[in-house]
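Just below is one structure, and these are the notes that go with it.
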Amino acid sequence: MKKIGVAVIGTGFWGRNHARVYKELASTNLVAICDTNVERAKAIADQFGVKAYTDSGRMLKNKEIEAVSVCTWSTMLAKEAQKSLHAGKHVLVEKPMATNTQQAEKLLKTAQENGLHLTVGFLMRFIPGLQQIREAVEKKKIGDMVSATAKRVSQWPERIGDVGVVKDTAIHDIDVMRFISQEDPVSVYAKTGSMRHRKFEDYAQIMLNYESGKSAFIESNWLTPYKTRTLNVTGSDAIMRLDYITQELWVENAQETVQPRRAFQEPLKMELQHFADCILEKKKPVVTGVDGLKALQIAIAALQSSAKNAAVKLK
Ligand SMILES: NC(=O)c1ccc[n+]([C@@H]2O[C@H](COP(=O)([O-])OP(=O)(O)OC[C@H]3O[C@@H](n4cnc5c(N)ncnc54)[C@H](O)[C@@H]3O)[C@@H](O)[C@H]2O)c1
């Protein structure tokens, strides 16, 4: 079986998980890792028995590396993803992909011009229960979708200091709403603010409105003392409820509550396996660069809406 040579740029809290999973998968061969923090780079490289770099430019010269996960601080993602694409590597860039839409558009262009895969780390899409919700919405198993409510709250992970809760956290649910409804919202209204974070918003309530009449509500914060990650979808005939942490799913109608059981799957394993499969089989990824760009556009519009205290129309 052919193995794809892979590398990880940025091996902090999340990037080291990418490295671990690449090491575990049968279709990937972790060749090297890069982190600007020299001690961290050495420690992670030693842990996985691969070469350590502190300069991605030097690492990317290695021809064995065909694909790269970019897991740096959010404000460095676009720059490192661009470098990797220029070096001819397929790229999985973590969310939020970029800090502005110009950077994200440039990534799309570079990937397209060079015939490379570009995908974004919208991990939720790899949770089986979310795939079941999307299918139920599409096949109208819960009737017509009326609304969806997402809650993603916890304490502020203080290592995140370069973007606020909208681009860091709510962006997952923005993508989820596009994914399950298969429709782009036409306007966004949001309220955001900061209680503890010195530079960025640490709470956000976001409402997305759709041409078809459905709406989505997203609550995100870094203020709640415990971690909650849930999704409730209301249809005209039934509701579906998902706990992303336990991966439990409930379907309720007027008569009964059913809990379809599916084996717990590590979403990152599914995501990286899919990335490798897309490269090997030359197929389109579940999450495209366009999905990354659209989610970022909505996140930015949400921040603008809050600043203006008015709904913002989306193109
Ligand atoms: N998809 C998900 O569910 C998910 C979960 C957690 C984090 N993330 C994303 O992953 C990224 C990293 O988050 P984290 O929590 O691991 O942060 P972190 O601060 O723990 O790690 C970031 C690492 O990147 C390194 N770094 C920064 N700039 C670099 C560069 N130019 N070249 C090489 N290394 C560089 C830092 O030294 C650090 O070790 C963020 O963009 C975050 O949004 C995604």
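By convention here, the chains of the structure tokens are called A, B, ... in the order presented, each chain's residues are numbered starting at 1, and ligands are numbered starting at 1 in the order presented.
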Each residue of chain A with at least one atom at most 7 Å from ligand 1 should appear once, together with its nearest atom pair and the corresponding distance in Å (one decimal); atoms considered: only C-alpha atoms and all ligand atoms; ordering: chain, then increasing residue number; output as CSV.
```
residue,atom,partner,partner_atom_place_in_ligand_line,distance
A:Ile9,CA,ligand 1,33 (C),5.1
A:Gly10,CA,ligand 1,24 (O),3.5
A:Thr11,CA,ligand 1,39 (O),4.9
A:Gly12,CA,ligand 1,21 (O),3.3
A:Phe13,CA,ligand 1,16 (O),3.7
A:Trp14,CA,ligand 1,16 (O),3.6
A:Gly15,CA,ligand 1,16 (O),5.3
A:Cys34,CA,ligand 1,33 (C),5.4
A:Asp35,CA,ligand 1,34 (N),3.5
A:Thr36,CA,ligand 1,34 (N),4.4
A:Asn37,CA,ligand 1,37 (O),4.6
A:Arg40,CA,ligand 1,39 (O),6.6
A:Thr54,CA,ligand 1,33 (C),6.3
A:Asp55,CA,ligand 1,32 (N),6.6
A:Ser56,CA,ligand 1,32 (N),6.1
A:Cys71,CA,ligand 1,11 (C),4.2
A:Thr72,CA,ligand 1,24 (O),3.5
A:Trp73,CA,ligand 1,22 (C),4.7
A:Ser74,CA,ligand 1,41 (O),3.8
A:Met76,CA,ligand 1,28 (N),5.6
A:Leu77,CA,ligand 1,41 (O),6.5
A:Glu80,CA,ligand 1,31 (N),6.1
A:Glu94,CA,ligand 1,9 (C),5.1
A:Lys95,CA,ligand 1,43 (O),5.1
A:Pro96,CA,ligand 1,43 (O),6.0
A:Gly121,CA,ligand 1,1 (N),4.6
A:Phe122,CA,ligand 1,1 (N),5.4
A:Leu123,CA,ligand 1,1 (N),5.0
A:Arg159,CA,ligand 1,19 (O),5.3
A:Ile160,CA,ligand 1,19 (O),6.3
A:Asp168,CA,ligand 1,43 (O),5.3
```
Excluding Arg198 in chain A and its own-chain neighbours fewer than 2 positions away, which residues fall within 12 Å of it when counting only C-alpha atoms? Please give them as an mmCIF file with N, CA and C atoms, in the first residue's frame.
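Written out: out11.cif:
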```
data_model
loop_
_atom_site.group_PDB
_atom_site.id
_atom_site.type_symbol
_atom_site.label_atom_id
_atom_site.label_comp_id
_atom_site.auth_asym_id
_atom_site.auth_seq_id
_atom_site.Cartn_x
_atom_site.Cartn_y
_atom_site.Cartn_z
ATOM 1 N N TRP A 156 -11.709 29.994 28.880
ATOM 2 C CA TRP A 156 -10.750 30.471 27.877
ATOM 3 C C TRP A 156 -9.466 29.640 27.934
ATOM 4 N N GLU A 158 -6.067 29.741 27.602
ATOM 5 C CA GLU A 158 -5.266 30.977 27.535
ATOM 6 C C GLU A 158 -4.156 30.970 26.489
ATOM 7 N N ILE A 160 -4.652 30.572 23.526
ATOM 8 C CA ILE A 160 -5.200 31.218 22.332
ATOM 9 C C ILE A 160 -5.277 32.718 22.584
ATOM 10 N N GLY A 161 -4.329 33.440 21.961
ATOM 11 C CA GLY A 161 -4.268 34.870 22.240
ATOM 12 C C GLY A 161 -4.313 35.722 20.990
ATOM 13 N N ASP A 162 -4.431 35.082 19.820
ATOM 14 C CA ASP A 162 -4.305 35.878 18.594
ATOM 15 C C ASP A 162 -5.597 36.047 17.812
ATOM 16 N N VAL A 163 -6.658 35.364 18.203
ATOM 17 C CA VAL A 163 -7.990 35.598 17.604
ATOM 18 C C VAL A 163 -9.030 35.464 18.721
ATOM 19 N N GLY A 164 -10.231 35.967 18.471
ATOM 20 C CA GLY A 164 -11.297 35.873 19.462
ATOM 21 C C GLY A 164 -12.117 34.603 19.282
ATOM 22 N N GLY A 193 -18.765 40.321 22.730
ATOM 23 C CA GLY A 193 -18.171 41.214 23.727
ATOM 24 C C GLY A 193 -17.053 40.521 24.458
ATOM 25 N N SER A 194 -16.429 41.258 25.345
ATOM 26 C CA SER A 194 -15.299 40.711 26.076
ATOM 27 C C SER A 194 -15.470 40.962 27.568
ATOM 28 N N MET A 195 -15.342 39.909 28.347
ATOM 29 C CA MET A 195 -15.434 40.012 29.811
ATOM 30 C C MET A 195 -14.049 39.858 30.441
ATOM 31 N N ARG A 196 -13.281 38.873 29.929
ATOM 32 C CA ARG A 196 -11.985 38.579 30.556
ATOM 33 C C ARG A 196 -10.822 38.738 29.601
ATOM 34 N N PHE A 200 -9.496 40.375 22.571
ATOM 35 C CA PHE A 200 -10.541 39.935 21.642
ATOM 36 C C PHE A 200 -11.834 39.570 22.369
ATOM 37 N N GLU A 201 -12.903 39.421 21.565
ATOM 38 C CA GLU A 201 -14.191 39.021 22.149
ATOM 39 C C GLU A 201 -14.074 37.622 22.751
ATOM 40 N N ASP A 202 -14.738 37.436 23.908
ATOM 41 C CA ASP A 202 -14.740 36.095 24.486
ATOM 42 C C ASP A 202 -16.157 35.547 24.640
#
```
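When only C-alpha atoms are used to measure the gap to Arg229 in chain A, the shortest distance among A:Ile174, A:Met124, A:Val137, A:Ala295 belongs to A:Met124.
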Would you return as a PyMOL selection string the members of range 72-313 of chain A that DSSP assigns to strand (DSSP E) on this structure's backbone? chain A and resi 90-93+118-120+145-155+187-193+203-209+215-221+223-235+239-243+248-252+257-258+312-313
Report as a count of residues only all protein, DNA and RNA residues lying within 12 Å of Gln131 in chain A, evaluated on only C-alpha atoms, omitting residues in the same chain fewer than 3 positions from it. 23
If we count only C-alpha atoms and set the cut-off at 12 Å, which residues sit around range 147-149 of chain A, ignoring sequence neighbours fewer than 2 positions away in its own chain? Please answer as a PyMOL selection string. chain A and resi 133-134+137+142-145+151-152+170+173-174+176-181+205-210+212-220+229-236+238-242
Writing out the chosen residues with N, CA and C atoms as a tab-separated table (two decimals), in the first residue's frame:
```tsv
chain	number	residue	atom	x	y	z
A	133	ILE	N	-27.30	13.71	11.12
A	133	ILE	CA	-28.21	14.86	11.14
A	133	ILE	C	-28.32	15.46	9.74
A	134	ARG	N	-27.18	15.59	9.09
A	134	ARG	CA	-27.21	16.17	7.75
A	134	ARG	C	-28.08	15.31	6.81
A	137	VAL	N	-31.74	15.78	7.59
A	137	VAL	CA	-32.25	17.06	7.08
A	137	VAL	C	-32.48	16.94	5.57
A	142	ILE	N	-36.84	14.46	9.49
A	142	ILE	CA	-37.42	15.21	10.63
A	142	ILE	C	-38.38	16.27	10.10
A	143	GLY	N	-38.88	16.05	8.91
A	143	GLY	CA	-39.74	17.04	8.25
A	143	GLY	C	-38.87	18.14	7.66
A	144	ASP	N	-39.41	19.35	7.60
A	144	ASP	CA	-38.61	20.47	7.09
A	144	ASP	C	-37.80	21.06	8.23
A	145	MET	N	-36.53	21.35	7.96
A	145	MET	CA	-35.70	21.97	9.00
A	145	MET	C	-36.21	23.39	9.25
A	151	LYS	N	-24.30	25.20	20.75
A	151	LYS	CA	-23.69	25.78	21.96
A	151	LYS	C	-22.29	25.21	22.08
A	152	ARG	N	-21.31	26.09	22.13
A	152	ARG	CA	-19.90	25.66	22.22
A	152	ARG	C	-19.24	26.60	23.23
A	170	ALA	N	-16.66	29.74	17.27
A	170	ALA	CA	-17.96	29.79	16.60
A	170	ALA	C	-17.84	29.35	15.14
A	173	ASP	N	-19.22	26.05	14.26
A	173	ASP	CA	-20.68	25.94	14.14
A	173	ASP	C	-21.20	26.67	12.90
A	174	ILE	N	-20.50	27.70	12.50
A	174	ILE	CA	-20.86	28.37	11.24
A	174	ILE	C	-20.75	27.35	10.11
A	176	VAL	N	-20.81	24.07	10.48
A	176	VAL	CA	-21.82	23.03	10.72
A	176	VAL	C	-23.17	23.45	10.14
A	177	MET	N	-23.54	24.70	10.33
A	177	MET	CA	-24.85	25.18	9.84
A	177	MET	C	-24.91	25.11	8.31
A	178	ARG	N	-23.81	25.47	7.67
A	178	ARG	CA	-23.77	25.39	6.20
A	178	ARG	C	-23.84	23.92	5.77
A	179	PHE	N	-23.15	23.07	6.54
A	179	PHE	CA	-23.06	21.65	6.19
A	179	PHE	C	-24.42	20.96	6.31
A	180	ILE	N	-25.13	21.19	7.42
A	180	ILE	CA	-26.40	20.45	7.59
A	180	ILE	C	-27.51	21.02	6.73
A	181	SER	N	-27.49	22.34	6.49
A	181	SER	CA	-28.60	22.93	5.73
A	181	SER	C	-28.34	22.88	4.23
A	205	GLN	N	-23.05	35.70	20.45
A	205	GLN	CA	-24.32	35.08	20.07
A	205	GLN	C	-24.55	35.47	18.62
A	206	ILE	N	-24.70	34.49	17.79
A	206	ILE	CA	-24.77	34.75	16.34
A	206	ILE	C	-26.06	34.14	15.79
A	207	MET	N	-26.78	34.93	15.00
A	207	MET	CA	-27.99	34.40	14.35
A	207	MET	C	-27.79	34.46	12.84
A	208	LEU	N	-27.99	33.32	12.19
A	208	LEU	CA	-27.88	33.25	10.73
A	208	LEU	C	-29.28	33.10	10.15
A	209	ASN	N	-29.57	33.86	9.11
A	209	ASN	CA	-30.90	33.79	8.48
A	209	ASN	C	-30.76	33.27	7.06
A	210	TYR	N	-31.69	32.42	6.69
A	210	TYR	CA	-31.64	31.78	5.37
A	210	TYR	C	-32.83	32.25	4.52
A	212	SER	N	-34.65	30.49	2.71
A	212	SER	CA	-35.76	29.54	2.82
A	212	SER	C	-36.59	29.75	4.08
A	213	GLY	N	-36.14	30.64	4.97
A	213	GLY	CA	-36.92	30.92	6.19
A	213	GLY	C	-36.33	30.30	7.43
A	214	LYS	N	-35.44	29.31	7.28
A	214	LYS	CA	-34.87	28.70	8.48
A	214	LYS	C	-33.84	29.64	9.12
A	215	SER	N	-33.55	29.40	10.38
A	215	SER	CA	-32.52	30.22	11.05
A	215	SER	C	-31.63	29.33	11.91
A	216	ALA	N	-30.46	29.86	12.22
A	216	ALA	CA	-29.51	29.14	13.07
A	216	ALA	C	-29.00	30.08	14.15
A	217	PHE	N	-28.85	29.53	15.35
A	217	PHE	CA	-28.38	30.30	16.51
A	217	PHE	C	-27.11	29.65	17.03
A	218	ILE	N	-26.10	30.49	17.22
A	218	ILE	CA	-24.81	29.96	17.69
A	218	ILE	C	-24.42	30.72	18.96
A	219	GLU	N	-24.20	29.97	20.03
A	219	GLU	CA	-23.71	30.59	21.25
A	219	GLU	C	-22.30	30.04	21.51
A	220	SER	N	-21.34	30.96	21.60
A	220	SER	CA	-19.96	30.55	21.87
A	220	SER	C	-19.40	31.43	22.97
A	229	ARG	N	-20.58	21.21	24.21
A	229	ARG	CA	-20.58	21.31	22.75
A	229	ARG	C	-21.78	20.53	22.23
A	230	THR	N	-22.86	21.25	21.91
A	230	THR	CA	-24.09	20.56	21.51
A	230	THR	C	-24.72	21.20	20.28
A	231	LEU	N	-25.58	20.42	19.65
A	231	LEU	CA	-26.35	20.92	18.51
A	231	LEU	C	-27.77	20.39	18.63
A	232	ASN	N	-28.74	21.28	18.48
A	232	ASN	CA	-30.16	20.89	18.46
A	232	ASN	C	-30.74	21.33	17.14
A	233	VAL	N	-31.38	20.42	16.45
A	233	VAL	CA	-31.97	20.78	15.16
A	233	VAL	C	-33.47	20.53	15.24
A	234	THR	N	-34.25	21.56	14.97
A	234	THR	CA	-35.71	21.42	15.00
A	234	THR	C	-36.24	21.26	13.59
A	235	GLY	N	-36.98	20.16	13.39
A	235	GLY	CA	-37.66	19.95	12.12
A	235	GLY	C	-39.16	20.07	12.36
A	236	SER	N	-39.95	20.09	11.29
A	236	SER	CA	-41.40	20.23	11.47
A	236	SER	C	-42.02	18.98	12.09
A	238	ALA	N	-39.86	16.40	13.90
A	238	ALA	CA	-39.05	15.83	15.00
A	238	ALA	C	-37.84	16.72	15.25
A	239	ILE	N	-37.19	16.47	16.37
A	239	ILE	CA	-35.95	17.20	16.64
A	239	ILE	C	-34.78	16.21	16.77
A	240	MET	N	-33.58	16.70	16.49
A	240	MET	CA	-32.39	15.87	16.70
A	240	MET	C	-31.43	16.64	17.58
A	241	ARG	N	-30.77	15.90	18.45
A	241	ARG	CA	-29.89	16.53	19.43
A	241	ARG	C	-28.58	15.76	19.44
A	242	LEU	N	-27.46	16.48	19.38
A	242	LEU	CA	-26.15	15.82	19.35
A	242	LEU	C	-25.26	16.41	20.43
```
Taking only C-alpha atoms into account, which of A:Gln265, A:Gln304, A:Gln273, A:Asn114 comes nearest Pro285 in chain A? A:Gln273
Using only C-alpha atoms, which residue out of A:Ile245, A:Leu116, A:Ala311, A:Leu303 lies closest to Lys283 in chain A? A:Leu116
Restricting the calculation to only C-alpha atoms, which member of A:Lys227, A:Lys282, A:Lys109, A:His86 is positioned closest to Asp243 in chain A? A:Lys227
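Rounded to one decimal, CA of Arg16 in chain A and CA of Thr110 in chain A lie 26.5 Å from each other.
The closest residue to Gln103 in chain A, picked from A:Gly289, A:Leu30, A:Asn17, A:Gly115 and counting only C-alpha atoms, is A:Gly289.
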Residues of range 65-172 of chain A in alpha helix (DSSP H) according to DSSP, as an MDAnalysis selection string? chainID A and resid 77:86 101:113 128:138 165 171:172
Might you pull out every residue within 9 Å of Ala307 in chain A, with only C-alpha atoms counted and same-chain residues fewer than 4 positions away left off, and present them as a ChimeraX atom specification? /A:190-192,302-303
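Compared by their closest atoms to Val68 in chain A, and using only C-alpha atoms, the residues A:Ala98, A:Val6, A:Leu130, A:Val38 rank with A:Val6 nearest.
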Neighbours of Arg261 in chain A within 10 Å (only C-alpha atoms; same-chain residues fewer than 3 positions away dropped), as a ChimeraX atom specification? /A:129,247-250,258,264
Deliver the residues from the most recent selection as a file, using N, CA and C atoms, as a compact mmCIF listing (two decimals), in the first residue's frame.
```
# COMPACT_ATOMS: atom_id res chain seq x y z
N GLY A 129 -22.53 11.35 14.22
CA GLY A 129 -23.85 11.90 14.55
C GLY A 129 -24.19 13.13 13.72
N GLN A 247 -20.56 12.10 21.59
CA GLN A 247 -21.05 11.65 20.28
C GLN A 247 -22.43 10.99 20.39
N GLU A 248 -23.17 11.26 21.50
CA GLU A 248 -24.54 10.72 21.63
C GLU A 248 -25.49 11.54 20.78
N LEU A 249 -26.45 10.82 20.21
CA LEU A 249 -27.43 11.46 19.33
C LEU A 249 -28.83 11.03 19.78
N TRP A 250 -29.76 11.98 19.80
CA TRP A 250 -31.15 11.67 20.15
C TRP A 250 -32.07 12.17 19.03
N VAL A 258 -35.60 8.36 20.53
CA VAL A 258 -34.77 7.23 20.08
C VAL A 258 -33.31 7.67 20.15
N PHE A 264 -18.06 5.04 18.96
CA PHE A 264 -17.32 6.30 19.07
C PHE A 264 -16.14 6.27 18.10
```
